[in-house]
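*Asks:* One structure, as structure tokens, below. Some questions next.
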Amino acid sequence: MAKKSTIQVEKVNQHIVNWLKEYAQKARVNGFVIGISGGVDSAVTSTLCAQTGLTTLCIEMPIHQDKTQVSRGKEHIDQLKKRFPNVKNDVADLTSVFETFKTEVPSSDNEPKLSLSLANTRARLRMTTLYYFAGIHGLLVAGTGNKVEDFGVGFYTKYGDGGVDLSPIADLMKSDVYALGAYLEIPTSIQKAAPTDGLFGDSRTDEEQLGASYDELEWAMRQAELNKKAENFTGREREVFEIYSKLNTINQHKMNPIPVCLIPLDYKNC
């Protein structure tokens, strides 16, 4: 099911950089702030932002973070600062904030739901932190979600990493992001690392959570765009397509606009 990216990396790179620069100039802001996770999406996004020449503020926000994720994030930031004088960085260790939050809310005997709720809380604390930095420095929060995450399976936290001002790589599949990452020469340690959201304080991968690899999910997304159905496939292909279809369905609330209850006009006229 694996499909090699076919994007023209140099043209895509310049197109996104131009788009970022024009958007920032129209918004009359100083640049961008990005949360750095040690993963390929945030590494590519921050490099694209840095290429604009505008202020690019990279923020590390550990919460009981796996050491390998932290080290990859630091390696990327160090490399980026050497390449681009407009790159700055800061650290907001949110571990104590997270622990305080847990003492102020009731716990639950439903361990799976409690674990997921706390994982999403981590993402929402980070979103709040990024907007704090954005506010004091006059920056836009740049999202790091790719197409299969944002519009395929909805693999992000609503009002967490999904809470951003603009999304530079959201029209790129994960394979495209890797191709762009190789072109941008992001650290090899990041290019080779298994994707993980890092929200559970351990090293579990995205594939372990989703039940399918990004290559498989990209394949399923393309089949869905061709209006294929589960019965068109057998074996692992059918299994993957059903995983994709289920996640795409249950996560529509993330992808669609917030529903608004429209009041009939005659109810408004007294």
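Residues are referred to by chain and number: the chain letter is A, B, ... according to the order shown in the structure tokens, the number counts from 1 in that chain, and ligands are numbered separately from 1 in the order shown.
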Neighbouring residues of A:Ile36 were defined as those with any atom within 10 Å, considering only C-alpha atoms; residues of the same chain fewer than 3 positions away were excluded. Please report them as a tab-separated table (two decimals) with N, CA and C atoms, in the first residue's frame.
*Replies:*
```tsv
chain	number	residue	atom	x	y	z
A	33	VAL	N	4.77	31.26	15.72
A	33	VAL	CA	5.20	30.45	16.87
A	33	VAL	C	4.76	29.02	16.59
A	39	GLY	N	9.02	15.63	16.26
A	39	GLY	CA	8.49	14.88	15.13
A	39	GLY	C	8.69	15.59	13.82
A	40	VAL	N	8.41	14.89	12.72
A	40	VAL	CA	8.68	15.41	11.39
A	40	VAL	C	7.76	16.58	11.03
A	41	ASP	N	6.50	16.55	11.47
A	41	ASP	CA	5.57	17.61	11.09
A	41	ASP	C	5.97	18.97	11.66
A	42	SER	N	6.32	19.00	12.94
A	42	SER	CA	6.72	20.28	13.54
A	42	SER	C	8.08	20.73	13.03
A	43	ALA	N	8.96	19.77	12.71
A	43	ALA	CA	10.27	20.13	12.17
A	43	ALA	C	10.13	20.76	10.79
A	45	THR	N	7.35	22.17	9.50
A	45	THR	CA	6.59	23.42	9.61
A	45	THR	C	7.47	24.56	10.10
A	46	SER	N	8.27	24.31	11.12
A	46	SER	CA	9.13	25.37	11.66
A	46	SER	C	10.20	25.78	10.66
A	57	LEU	N	9.42	31.52	16.31
A	57	LEU	CA	9.66	31.17	17.71
A	57	LEU	C	9.28	29.71	17.94
A	58	CYS	N	10.27	28.91	18.27
A	58	CYS	CA	10.08	27.48	18.52
A	58	CYS	C	9.93	27.24	20.02
A	59	ILE	N	8.84	26.62	20.41
A	59	ILE	CA	8.56	26.41	21.83
A	59	ILE	C	8.55	24.92	22.16
A	60	GLU	N	9.35	24.54	23.15
A	60	GLU	CA	9.30	23.20	23.71
A	60	GLU	C	8.36	23.23	24.91
A	61	MET	N	7.45	22.27	24.99
A	61	MET	CA	6.45	22.25	26.07
A	61	MET	C	6.33	20.85	26.67
A	62	PRO	N	7.40	20.38	27.32
A	62	PRO	CA	7.36	19.01	27.86
A	62	PRO	C	6.36	18.84	28.99
A	69	GLN	N	12.08	12.09	22.54
A	69	GLN	CA	11.34	13.16	21.89
A	69	GLN	C	11.96	14.52	22.21
A	70	VAL	N	12.34	14.70	23.47
A	70	VAL	CA	12.95	15.95	23.91
A	70	VAL	C	14.29	16.17	23.19
A	72	ARG	N	15.34	14.95	20.32
A	72	ARG	CA	15.14	15.23	18.90
A	72	ARG	C	14.68	16.67	18.68
A	73	GLY	N	13.80	17.14	19.56
A	73	GLY	CA	13.33	18.52	19.45
A	73	GLY	C	14.45	19.51	19.64
A	74	LYS	N	15.30	19.27	20.63
A	74	LYS	CA	16.44	20.16	20.88
A	74	LYS	C	17.42	20.14	19.72
A	76	HIS	N	16.78	19.59	16.61
A	76	HIS	CA	16.20	20.34	15.50
A	76	HIS	C	16.31	21.85	15.73
A	77	ILE	N	15.96	22.29	16.92
A	77	ILE	CA	16.02	23.72	17.22
A	77	ILE	C	17.45	24.25	17.09
A	89	ASN	N	13.98	30.55	20.35
A	89	ASN	CA	13.34	29.43	21.05
A	89	ASN	C	13.11	29.74	22.51
A	91	VAL	N	11.41	27.59	26.30
A	91	VAL	CA	10.92	26.35	26.91
A	91	VAL	C	9.87	26.70	27.95
A	144	THR	N	0.68	22.17	12.73
A	144	THR	CA	1.61	21.17	12.21
A	144	THR	C	0.91	19.92	11.68
```
*Asks:* Once you count only C-alpha atoms, what closest atom pair and distance in Å to one decimal does each residue of stretch 134-207 of chain A within 9 Å of stretch 10-30 of chain A have, with rows by chain and rising residue number, as a Markdown table?
*Replies:*
```
| residue | atom | partner | partner_atom | distance |
| --- | --- | --- | --- | --- |
| A:His137 | CA | A:Asn30 | CA | 7.5 |
| A:Gly138 | CA | A:Val29 | CA | 5.5 |
| A:Leu139 | CA | A:Asn30 | CA | 5.5 |
| A:Leu140 | CA | A:Val29 | CA | 7.1 |
| A:Leu166 | CA | A:Leu20 | CA | 8.7 |
| A:Pro168 | CA | A:Ile16 | CA | 6.4 |
| A:Ile169 | CA | A:Ile16 | CA | 8.0 |
| A:Leu180 | CA | A:Asn13 | CA | 7.3 |
| A:Tyr183 | CA | A:Glu10 | CA | 7.8 |
| A:Leu184 | CA | A:Asn13 | CA | 8.6 |
```
*Asks:* Write out, as a compact mmCIF listing (two decimals), in the first residue's frame, the residues just selected, with all heavy atoms.
*Replies:*
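As written to disk, selection13.txt reads:
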```txt
# COMPACT_ATOMS: atom_id res chain seq x y z
N HIS A 137 4.22 38.39 21.66
CA HIS A 137 5.21 38.69 20.63
C HIS A 137 4.60 39.10 19.29
O HIS A 137 5.33 39.39 18.33
CB HIS A 137 6.13 37.48 20.40
CG HIS A 137 6.98 37.14 21.58
ND1 HIS A 137 7.98 37.97 22.05
CD2 HIS A 137 6.98 36.04 22.40
CE1 HIS A 137 8.57 37.41 23.10
NE2 HIS A 137 7.98 36.25 23.33
N GLY A 138 3.27 39.12 19.19
CA GLY A 138 2.64 39.50 17.93
C GLY A 138 2.86 38.47 16.84
O GLY A 138 3.23 38.81 15.72
N LEU A 139 2.59 37.20 17.15
CA LEU A 139 2.86 36.10 16.22
C LEU A 139 1.59 35.32 15.92
O LEU A 139 0.59 35.40 16.65
CB LEU A 139 3.91 35.15 16.81
CG LEU A 139 5.23 35.77 17.25
CD1 LEU A 139 6.08 34.75 18.01
CD2 LEU A 139 5.99 36.32 16.05
N LEU A 140 1.63 34.54 14.87
CA LEU A 140 0.57 33.61 14.53
C LEU A 140 0.98 32.20 14.97
O LEU A 140 2.15 31.83 14.83
CB LEU A 140 0.30 33.59 13.03
CG LEU A 140 -0.29 34.86 12.40
CD1 LEU A 140 -0.27 34.74 10.88
CD2 LEU A 140 -1.70 35.11 12.90
N LEU A 166 -3.19 29.13 11.34
CA LEU A 166 -3.03 28.74 9.93
C LEU A 166 -2.32 27.40 9.85
O LEU A 166 -1.61 27.01 10.78
CB LEU A 166 -2.28 29.80 9.14
CG LEU A 166 -0.78 30.02 9.33
CD1 LEU A 166 -0.27 31.04 8.32
CD2 LEU A 166 -0.42 30.48 10.73
N PRO A 168 0.08 25.33 7.43
CA PRO A 168 0.95 25.31 6.24
C PRO A 168 1.04 23.98 5.51
O PRO A 168 1.22 23.95 4.29
CB PRO A 168 2.32 25.71 6.79
CG PRO A 168 2.05 26.35 8.12
CD PRO A 168 0.84 25.68 8.64
N ILE A 169 0.95 22.85 6.24
CA ILE A 169 1.19 21.56 5.59
C ILE A 169 -0.06 20.68 5.56
O ILE A 169 0.02 19.49 5.30
CB ILE A 169 2.35 20.79 6.26
CG1 ILE A 169 2.03 20.46 7.72
CG2 ILE A 169 3.65 21.60 6.17
CD1 ILE A 169 3.03 19.50 8.36
N LEU A 180 9.44 16.41 1.87
CA LEU A 180 9.81 17.79 2.09
C LEU A 180 10.85 17.89 3.21
O LEU A 180 11.80 18.67 3.14
CB LEU A 180 8.56 18.61 2.46
CG LEU A 180 8.63 20.14 2.32
CD1 LEU A 180 9.15 20.55 0.96
CD2 LEU A 180 7.26 20.74 2.60
N TYR A 183 14.20 17.05 1.83
CA TYR A 183 14.67 18.17 1.01
C TYR A 183 15.17 19.32 1.89
O TYR A 183 16.17 19.98 1.58
CB TYR A 183 13.54 18.65 0.11
CG TYR A 183 13.86 19.88 -0.69
CD1 TYR A 183 14.71 19.83 -1.81
CD2 TYR A 183 13.32 21.12 -0.34
CE1 TYR A 183 15.01 20.96 -2.55
CE2 TYR A 183 13.62 22.27 -1.07
CZ TYR A 183 14.46 22.18 -2.17
OH TYR A 183 14.76 23.31 -2.89
N LEU A 184 14.48 19.56 2.99
CA LEU A 184 14.84 20.64 3.91
C LEU A 184 15.98 20.25 4.85
O LEU A 184 16.44 21.08 5.64
CB LEU A 184 13.62 21.06 4.73
CG LEU A 184 12.47 21.68 3.94
CD1 LEU A 184 11.25 21.87 4.84
CD2 LEU A 184 12.89 23.01 3.33
```
*Asks:* As an exercise, work out the distance from atom CA of A:Gly154 to atom CA of A:Met255 in Å and give it to one decimal place.
*Replies:*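 Between atom CA of A:Gly154 and atom CA of A:Met255 the gap is 7.0 Å.
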*Asks:* Could you check which of A:Leu114, A:Ala220, A:Ile190, A:Ile34 is closest to A:Glu239, using only C-alpha atoms?
*Replies:*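 Going through A:Leu114, A:Ala220, A:Ile190, A:Ile34 one by one, the smallest distance to A:Glu239 is for A:Ala220.
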*Asks:* Might you pull out every residue within 8 Å of A:Lys174, with only C-alpha atoms counted and same-chain residues fewer than 4 positions away left off, and present them as a PyMOL selection string?
*Replies:* chain A and resi 146-148+178+214-215+218
*Asks:* Keeping only N, CA and C atoms, take the residues you just selected and write them out as an mmCIF file, in the first residue's frame.
*Replies:*
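Below you can see again-v8.cif, which holds the result:
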```cif
data_model
loop_
_atom_site.group_PDB
_atom_site.id
_atom_site.type_symbol
_atom_site.label_atom_id
_atom_site.label_comp_id
_atom_site.auth_asym_id
_atom_site.auth_seq_id
_atom_site.Cartn_x
_atom_site.Cartn_y
_atom_site.Cartn_z
ATOM 1 N N ASN A 146 -0.943 17.339 9.151
ATOM 2 C CA ASN A 146 -0.905 17.009 7.727
ATOM 3 C C ASN A 146 -2.298 16.579 7.255
ATOM 4 N N LYS A 147 -2.431 16.316 5.969
ATOM 5 C CA LYS A 147 -3.741 16.076 5.367
ATOM 6 C C LYS A 147 -4.434 14.833 5.916
ATOM 7 N N VAL A 148 -3.698 13.751 6.055
ATOM 8 C CA VAL A 148 -4.348 12.511 6.506
ATOM 9 C C VAL A 148 -4.788 12.629 7.959
ATOM 10 N N TYR A 178 7.390 13.879 4.650
ATOM 11 C CA TYR A 178 8.707 13.245 4.736
ATOM 12 C C TYR A 178 9.593 13.643 3.556
ATOM 13 N N TYR A 214 0.727 5.234 8.389
ATOM 14 C CA TYR A 214 0.334 6.371 7.557
ATOM 15 C C TYR A 214 0.295 6.005 6.080
ATOM 16 N N ASP A 215 1.193 5.146 5.627
ATOM 17 C CA ASP A 215 1.144 4.683 4.236
ATOM 18 C C ASP A 215 -0.195 4.005 3.952
ATOM 19 N N GLU A 218 -3.031 6.646 4.001
ATOM 20 C CA GLU A 218 -3.023 7.446 2.770
ATOM 21 C C GLU A 218 -3.686 6.676 1.632
#
```
*Asks:* Could you check which of A:Ala134, A:Ile63, A:Val153, A:Leu94 is closest to A:Ser245, using only C-alpha atoms?
*Replies:*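 Result for the nearest residue to A:Ser245: A:Val153.
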*Asks:* Record the distance separating atom CA of A:Met221 and atom CA of A:Gly152, expressed in Å with one decimal.
*Replies:*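 About the pair atom CA of A:Met221 and atom CA of A:Gly152: they are 6.3 Å apart.
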*Asks:* Just the strand (DSSP E) stuff from stretch 17-254 of chain A, please, per backbone DSSP, written as an MDAnalysis selection string.
*Replies:* chainID A and resid 31:35 55:60 87:91 139:141
*Asks:* Between A:Tyr159, A:Phe200, A:Phe84, A:Phe233, which is the closest to A:Thr128 once you count only C-alpha atoms?
*Replies:*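 Checking each of A:Tyr159, A:Phe200, A:Phe84, A:Phe233 against A:Thr128, counting only C-alpha atoms, the winner is A:Tyr159.
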*Asks:* So which residues touch A:Arg122 within 10 Å, counting only C-alpha atoms, skipping near sequence neighbours fewer than 2 positions away, as a list in words?
*Replies:*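 The residues that qualify are Met61, Pro62, Ile63, Leu94, Thr95, Val97, Phe98, Leu116, Ser117, Leu118, Ala119, Asn120, Arg124, Leu125, Arg126, Met127, Thr157, Gly160, Asp161, Gly198, Leu199, Phe200 and Gly201 of chain A.
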*Asks:* Using only C-alpha atoms, which residues sit within 8 Å of A:Ile243 once same-chain residues fewer than 6 positions away are excluded, as a list in words?
*Replies:*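 Within the cut-off, the hits are Leu210, Gly211 and Ala212 of chain A.
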*Asks:* Point out the residue among A:Glu225, A:Asp202, A:Glu242, A:Glu216 with the least atom-to-atom distance to A:Lys67, counting only C-alpha atoms.
*Replies:*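 The shortest atom-to-atom distance to A:Lys67 comes from A:Asp202.
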*Asks:* For a quick check of understanding, using only C-alpha atoms, which of A:Asn269, A:Ser213, A:Ser167, A:Asn256 has the smallest distance to A:Phe241?
*Replies:*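 Closest to A:Phe241, using only C-alpha atoms: A:Ser213.
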